[in-house]
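Structure data follow from coords.txt (compact mmCIF, C-alpha atoms):
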# COMPACT_ATOMS: atom_id res chain seq x y z
CA MET C 1395 0.00 0.00 0.00
CA ASP C 1396 2.91 2.30 0.49
CA LYS C 1397 3.66 2.30 -3.19
CA ASP C 1398 0.05 3.09 -4.06
CA THR C 1399 -0.12 5.79 -1.46
CA SER C 1400 3.11 7.37 -2.62
CA ARG C 1401 1.93 7.21 -6.21
CA VAL C 1402 -1.38 8.86 -5.31
CA PHE C 1403 0.49 11.48 -3.32
CA THR C 1404 2.85 12.13 -6.25
CA LEU C 1405 -0.06 12.42 -8.68
CA ASN C 1406 -1.89 14.79 -6.35
CA LYS C 1407 1.25 16.89 -6.03
CA THR C 1408 1.70 16.97 -9.85
CA LEU C 1409 -1.95 17.85 -10.28
CA GLU C 1410 -1.62 20.69 -7.78
CA GLU C 1411 1.48 21.99 -9.61
CA ILE C 1412 -0.42 21.91 -12.93
CA ARG C 1413 -3.34 23.80 -11.40
CA LEU C 1414 -0.97 26.43 -10.03
CA LEU C 1415 0.77 26.68 -13.40
CA ASN C 1416 -2.61 27.04 -15.18
CA ALA C 1417 -3.66 29.75 -12.75
CA LYS C 1418 -0.37 31.56 -13.32
CA ASN C 1419 -0.76 31.29 -17.11
CA ASP C 1420 -4.37 32.53 -16.94
CA LYS C 1421 -3.23 35.55 -14.91
CA LEU C 1422 -0.46 36.31 -17.42
CA LEU C 1423 -2.90 36.05 -20.31
CA LYS C 1424 -5.36 38.38 -18.55
CA ASP C 1425 -2.55 40.84 -17.87
CA PHE C 1426 -1.86 40.97 -21.61
CA GLY C 1427 -5.58 41.21 -22.43
CA ILE C 1428 -5.88 37.78 -24.01
CA ASP C 1429 -8.97 35.73 -23.31
CA ILE C 1430 -8.60 32.07 -24.36
CA ALA C 1431 -12.36 31.75 -24.89
CA ASN C 1432 -12.32 34.57 -27.48
CA LEU C 1433 -9.46 33.24 -29.63
CA SER C 1434 -10.14 32.51 -33.27
CA ASP C 1435 -10.56 28.92 -34.38
CA ALA C 1436 -7.17 28.94 -36.10
CA ALA C 1437 -5.40 30.23 -32.98
CA GLN C 1438 -7.24 27.72 -30.80
CA GLU C 1439 -6.22 24.92 -33.16
CA ALA C 1440 -2.59 26.08 -33.09
CA LEU C 1441 -2.62 26.03 -29.28
CA ASP C 1442 -4.16 22.55 -29.30
CA ASN C 1443 -1.46 21.36 -31.69
CA TYR C 1444 1.23 22.90 -29.49
CA ALA C 1445 -0.19 21.13 -26.45
CA LYS C 1446 -0.26 17.81 -28.33
CA ILE C 1447 3.35 18.26 -29.44
CA ARG C 1448 4.45 18.95 -25.87
CA GLN C 1449 2.50 15.95 -24.62
CA LEU C 1450 3.84 13.58 -27.30
CA THR C 1451 7.46 14.71 -27.15
CA GLY C 1452 7.67 15.33 -23.43
CA LEU C 1453 9.44 18.63 -24.08
CA VAL C 1454 8.69 21.23 -21.48
CA GLN C 1455 10.29 24.05 -23.44
CA LEU C 1456 10.84 24.13 -27.13
CA ASP C 1457 14.11 25.60 -28.29
CA HIS C 1458 13.44 28.68 -30.37
CA SER C 1459 15.80 27.49 -33.11
CA PHE C 1460 13.77 24.28 -33.50
CA VAL C 1461 10.59 26.29 -33.93
CA ASP C 1462 12.32 28.57 -36.46
CA GLU C 1463 13.63 25.55 -38.38
CA TYR C 1464 10.15 24.03 -38.42
CA CYS C 1465 8.69 27.29 -39.70
CA TYR C 1466 11.33 27.46 -42.43
CA GLN C 1467 10.58 23.89 -43.48
CA GLU C 1468 6.86 24.63 -43.67
CA GLN C 1469 7.56 27.80 -45.65
CA ALA C 1470 9.79 25.82 -48.03
CA LYS C 1471 7.01 23.27 -48.53
CA ARG C 1472 4.52 26.03 -49.33
CA LEU C 1473 6.93 27.67 -51.81
CA GLU C 1474 7.64 24.34 -53.47
CA ALA C 1475 3.92 23.69 -53.78
CA ARG C 1476 3.46 27.11 -55.39
CA LEU C 1477 6.31 26.43 -57.81
CA GLN C 1478 4.71 23.14 -58.78
CA ALA C 1479 1.34 24.83 -59.12
CA ILE C 1480 2.57 27.38 -61.70
CA PRO C 1481 3.24 24.89 -64.54
CA LEU C 1482 0.12 22.96 -63.57
CA LYS C 1483 -1.97 26.12 -63.85
CA ALA C 1484 -0.43 26.81 -67.27
CA SER C 1485 -1.24 23.25 -68.33
CA ILE C 1486 -4.80 23.63 -67.12
CA LYS C 1487 -5.15 26.90 -69.03
CA GLN C 1488 -3.79 25.27 -72.20
CA LEU C 1489 -6.13 22.31 -71.76
CA LYS C 1490 -9.11 24.62 -71.33
CA GLU C 1491 -8.14 26.45 -74.54
CA ASP C 1492 -7.79 23.09 -76.32
CA ILE C 1493 -11.21 22.05 -75.06
CA LYS C 1494 -12.75 25.30 -76.33
CA ARG C 1495 -11.08 24.83 -79.72
CA GLU C 1496 -12.28 21.22 -79.91
CA GLU C 1497 -15.81 22.22 -78.90
CA HIS C 1498 -15.83 24.86 -81.64
CA GLU C 1499 -14.60 22.29 -84.17
CA LEU C 1500 -17.22 19.82 -82.94
CA ALA C 1501 -19.96 22.43 -83.37
CA LYS C 1502 -18.79 23.01 -86.95
CA LEU C 1503 -18.84 19.29 -87.68
CA GLU C 1504 -22.27 18.85 -86.13
CA SER C 1505 -23.56 21.75 -88.24
CA PHE C 1506 -22.07 20.15 -91.35
CA VAL C 1507 -23.64 16.77 -90.52
CA THR C 1508 -27.03 18.40 -89.90
CA GLU C 1509 -26.85 20.34 -93.17
CA THR C 1510 -25.79 17.33 -95.21
CA GLN C 1511 -28.49 15.17 -93.66
CA SER C 1512 -31.10 17.75 -94.59
CA GLN C 1513 -29.87 17.62 -98.20
CA LEU C 1514 -29.82 13.84 -98.44
CA ILE C 1515 -32.45 12.16 -100.57
CA PRO C 1516 -34.13 9.17 -98.94
CA THR C 1517 -33.33 5.74 -100.38
CA ASP C 1518 -36.86 5.17 -101.68
CA ALA C 1519 -36.93 8.46 -103.56
CA MET C 1520 -33.47 7.76 -104.94
CA GLU C 1521 -34.58 4.34 -106.17
CA LYS C 1522 -37.65 5.86 -107.88
CA MET C 1523 -35.45 8.45 -109.60
CA ARG C 1524 -33.08 5.73 -110.80
CA VAL C 1525 -35.94 3.62 -112.21
CA THR C 1526 -37.47 6.69 -113.93
CA ARG C 1527 -34.13 7.62 -115.54
CA GLU C 1528 -33.54 4.08 -116.73
CA LYS C 1529 -37.00 4.08 -118.35
CA ARG C 1530 -36.26 7.41 -120.10
CA ILE C 1531 -32.91 6.14 -121.32
CA GLU C 1532 -34.57 3.01 -122.68
CA MET C 1533 -37.30 5.08 -124.38
CA LEU C 1534 -34.70 7.42 -125.96
CA ARG C 1535 -32.70 4.43 -127.20
CA ASN C 1536 -35.83 2.98 -128.77
CA LYS C 1537 -36.57 6.30 -130.51
CA GLN C 1538 -32.99 6.47 -131.70
CA LYS C 1539 -33.25 2.97 -133.16
CA THR C 1540 -36.45 3.83 -135.00
CA LEU C 1541 -34.94 7.04 -136.36
CA MET C 1542 -31.83 5.21 -137.46
CA GLY C 1543 -33.99 2.66 -139.22
CA LYS C 1544 -35.86 5.45 -141.04
CA GLY C 1545 -32.60 7.17 -141.95
CA ASP C 1546 -31.87 4.45 -144.41
CA THR C 1547 -35.24 4.92 -146.14
CA ILE C 1548 -34.85 8.70 -146.48
CA LYS C 1549 -32.87 9.68 -149.56
CA LEU C 1550 -30.81 12.78 -149.03
CA ASP C 1551 -30.64 13.74 -152.69
CA ASP C 1552 -34.43 13.79 -152.95
CA LEU C 1553 -34.66 15.82 -149.74
CA ILE C 1554 -32.13 18.42 -151.00
CA ALA C 1555 -33.98 18.70 -154.30
CA LYS C 1556 -37.29 19.31 -152.50
CA VAL C 1557 -35.73 22.00 -150.26
CA ASN C 1558 -34.25 23.71 -153.31
CA SER C 1559 -37.57 23.65 -155.18
CA LEU C 1560 -39.40 25.12 -152.14
CA GLU C 1561 -36.85 27.93 -151.93
CA ALA C 1562 -37.23 28.64 -155.63
CA GLU C 1563 -41.00 28.87 -155.29
CA GLU C 1564 -40.71 31.28 -152.39
CA ASN C 1565 -38.28 33.53 -154.28
CA ALA C 1566 -40.37 33.65 -157.38
Would you mind writing the file's structure down as structure tokens?
Amino acid sequence: MDKDTSRVFTLNKTLEEIRLLNAKNDKLLKDFGIDIANLSDAAQEALDNYAKIRQLTGLVQLDHSFVDEYCYQEQAKRLEARLQAIPLKASIKQLKEDIKREEHELAKLESFVTETQSQLIPTDAMEKMRVTREKRIEMLRNKQKTLMGKGDTIKLDDLIAKVNSLEAEENA
């Protein structure tokens, strides 16, 4: 029981020291006009992070040079991220321009397709036109054959003589 009692006594003593330290810190904060309850969320989060770091590392006081080095590392990370962001932003801008150009080209092609589709003749109408033309061609060939057959029966000399006699009658 002595060990338990001494442990409880030590814990009570540590707790009392922490309470005194908290009271001292609260007084110092009030003297400087800082109210913990009125801190912004970001400041409250930073204090919480600081408390976690102290708890995890067991450091009572942080060396100022360590804090400065940490700040420099964080600043370097932010600068590196900005440097990486610059070419990425340029790439994004170029891609957006490419997309606009492609959309414009697509609109042109869609307009062309729409226009050509409106000018297309349906298959049925095209077939009717083809059949009609073939019938006309066949009819013209038949007429040509009949005229060619009659061409042999017509005598050109007789025809020229008749034309000449008609002209002579008209002139007389």
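Between CA of Arg1527 (chain C) and CA of Leu1541 (chain C) there is a distance of 20.8 Å.
Straight-line separation from CA of Thr1408 (chain C) to CA of Asp1420 (chain C): 18.1 Å.
Between CA of Arg1472 (chain C) and CA of Ile1430 (chain C) the interatomic distance comes to 28.8 Å.
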Around region 1503-1506 of chain C, fit a box with edges along x, y and z, padding it by 3 Å on each side, then list its centre and edge lengths in Å to one decimal as AutoDock Vina command-line options.
--center_x -21.2 --center_y 20.3 --center_z -88.7 --size_x 10.7 --size_y 8.9 --size_z 11.2
Could I get region 1424-1505 of chain C from the block written as a PDB file, in the first residue's frame, with C-alpha atoms?
ATOM      1  CA  LYS C1424      -5.357  38.376 -18.546  1.00  0.00           C
ATOM      2  CA  ASP C1425      -2.555  40.845 -17.869  1.00  0.00           C
ATOM      3  CA  PHE C1426      -1.863  40.967 -21.611  1.00  0.00           C
ATOM      4  CA  GLY C1427      -5.576  41.215 -22.425  1.00  0.00           C
ATOM      5  CA  ILE C1428      -5.877  37.779 -24.010  1.00  0.00           C
ATOM      6  CA  ASP C1429      -8.966  35.729 -23.310  1.00  0.00           C
ATOM      7  CA  ILE C1430      -8.603  32.075 -24.358  1.00  0.00           C
ATOM      8  CA  ALA C1431     -12.362  31.747 -24.888  1.00  0.00           C
ATOM      9  CA  ASN C1432     -12.315  34.566 -27.481  1.00  0.00           C
ATOM     10  CA  LEU C1433      -9.456  33.240 -29.635  1.00  0.00           C
ATOM     11  CA  SER C1434     -10.142  32.511 -33.271  1.00  0.00           C
ATOM     12  CA  ASP C1435     -10.557  28.921 -34.379  1.00  0.00           C
ATOM     13  CA  ALA C1436      -7.168  28.942 -36.102  1.00  0.00           C
ATOM     14  CA  ALA C1437      -5.405  30.228 -32.977  1.00  0.00           C
ATOM     15  CA  GLN C1438      -7.245  27.721 -30.799  1.00  0.00           C
ATOM     16  CA  GLU C1439      -6.221  24.921 -33.163  1.00  0.00           C
ATOM     17  CA  ALA C1440      -2.593  26.079 -33.087  1.00  0.00           C
ATOM     18  CA  LEU C1441      -2.625  26.030 -29.280  1.00  0.00           C
ATOM     19  CA  ASP C1442      -4.158  22.553 -29.297  1.00  0.00           C
ATOM     20  CA  ASN C1443      -1.459  21.362 -31.691  1.00  0.00           C
ATOM     21  CA  TYR C1444       1.234  22.901 -29.487  1.00  0.00           C
ATOM     22  CA  ALA C1445      -0.188  21.126 -26.450  1.00  0.00           C
ATOM     23  CA  LYS C1446      -0.258  17.809 -28.332  1.00  0.00           C
ATOM     24  CA  ILE C1447       3.354  18.262 -29.443  1.00  0.00           C
ATOM     25  CA  ARG C1448       4.446  18.954 -25.870  1.00  0.00           C
ATOM     26  CA  GLN C1449       2.505  15.954 -24.617  1.00  0.00           C
ATOM     27  CA  LEU C1450       3.838  13.580 -27.296  1.00  0.00           C
ATOM     28  CA  THR C1451       7.459  14.711 -27.147  1.00  0.00           C
ATOM     29  CA  GLY C1452       7.671  15.328 -23.432  1.00  0.00           C
ATOM     30  CA  LEU C1453       9.441  18.627 -24.082  1.00  0.00           C
ATOM     31  CA  VAL C1454       8.689  21.233 -21.480  1.00  0.00           C
ATOM     32  CA  GLN C1455      10.289  24.045 -23.437  1.00  0.00           C
ATOM     33  CA  LEU C1456      10.843  24.134 -27.134  1.00  0.00           C
ATOM     34  CA  ASP C1457      14.106  25.595 -28.291  1.00  0.00           C
ATOM     35  CA  HIS C1458      13.440  28.678 -30.366  1.00  0.00           C
ATOM     36  CA  SER C1459      15.797  27.492 -33.109  1.00  0.00           C
ATOM     37  CA  PHE C1460      13.773  24.281 -33.498  1.00  0.00           C
ATOM     38  CA  VAL C1461      10.594  26.294 -33.926  1.00  0.00           C
ATOM     39  CA  ASP C1462      12.317  28.568 -36.459  1.00  0.00           C
ATOM     40  CA  GLU C1463      13.628  25.554 -38.376  1.00  0.00           C
ATOM     41  CA  TYR C1464      10.150  24.028 -38.423  1.00  0.00           C
ATOM     42  CA  CYS C1465       8.695  27.294 -39.700  1.00  0.00           C
ATOM     43  CA  TYR C1466      11.334  27.462 -42.433  1.00  0.00           C
ATOM     44  CA  GLN C1467      10.583  23.890 -43.481  1.00  0.00           C
ATOM     45  CA  GLU C1468       6.863  24.631 -43.674  1.00  0.00           C
ATOM     46  CA  GLN C1469       7.558  27.804 -45.645  1.00  0.00           C
ATOM     47  CA  ALA C1470       9.793  25.824 -48.033  1.00  0.00           C
ATOM     48  CA  LYS C1471       7.009  23.272 -48.532  1.00  0.00           C
ATOM     49  CA  ARG C1472       4.518  26.025 -49.332  1.00  0.00           C
ATOM     50  CA  LEU C1473       6.928  27.666 -51.807  1.00  0.00           C
ATOM     51  CA  GLU C1474       7.644  24.336 -53.468  1.00  0.00           C
ATOM     52  CA  ALA C1475       3.918  23.686 -53.778  1.00  0.00           C
ATOM     53  CA  ARG C1476       3.460  27.115 -55.392  1.00  0.00           C
ATOM     54  CA  LEU C1477       6.312  26.428 -57.814  1.00  0.00           C
ATOM     55  CA  GLN C1478       4.708  23.136 -58.777  1.00  0.00           C
ATOM     56  CA  ALA C1479       1.335  24.829 -59.124  1.00  0.00           C
ATOM     57  CA  ILE C1480       2.570  27.383 -61.699  1.00  0.00           C
ATOM     58  CA  PRO C1481       3.236  24.893 -64.538  1.00  0.00           C
ATOM     59  CA  LEU C1482       0.116  22.958 -63.575  1.00  0.00           C
ATOM     60  CA  LYS C1483      -1.973  26.122 -63.855  1.00  0.00           C
ATOM     61  CA  ALA C1484      -0.428  26.807 -67.268  1.00  0.00           C
ATOM     62  CA  SER C1485      -1.238  23.246 -68.334  1.00  0.00           C
ATOM     63  CA  ILE C1486      -4.797  23.625 -67.116  1.00  0.00           C
ATOM     64  CA  LYS C1487      -5.152  26.898 -69.026  1.00  0.00           C
ATOM     65  CA  GLN C1488      -3.786  25.271 -72.195  1.00  0.00           C
ATOM     66  CA  LEU C1489      -6.127  22.305 -71.759  1.00  0.00           C
ATOM     67  CA  LYS C1490      -9.112  24.625 -71.326  1.00  0.00           C
ATOM     68  CA  GLU C1491      -8.142  26.447 -74.536  1.00  0.00           C
ATOM     69  CA  ASP C1492      -7.785  23.094 -76.318  1.00  0.00           C
ATOM     70  CA  ILE C1493     -11.206  22.052 -75.057  1.00  0.00           C
ATOM     71  CA  LYS C1494     -12.752  25.297 -76.328  1.00  0.00           C
ATOM     72  CA  ARG C1495     -11.085  24.830 -79.716  1.00  0.00           C
ATOM     73  CA  GLU C1496     -12.276  21.216 -79.909  1.00  0.00           C
ATOM     74  CA  GLU C1497     -15.810  22.220 -78.896  1.00  0.00           C
ATOM     75  CA  HIS C1498     -15.830  24.862 -81.643  1.00  0.00           C
ATOM     76  CA  GLU C1499     -14.595  22.292 -84.166  1.00  0.00           C
ATOM     77  CA  LEU C1500     -17.220  19.815 -82.938  1.00  0.00           C
ATOM     78  CA  ALA C1501     -19.956  22.430 -83.373  1.00  0.00           C
ATOM     79  CA  LYS C1502     -18.790  23.012 -86.948  1.00  0.00           C
ATOM     80  CA  LEU C1503     -18.841  19.288 -87.682  1.00  0.00           C
ATOM     81  CA  GLU C1504     -22.273  18.854 -86.127  1.00  0.00           C
ATOM     82  CA  SER C1505     -23.562  21.750 -88.237  1.00  0.00           C
TER      83      SER C1505
END
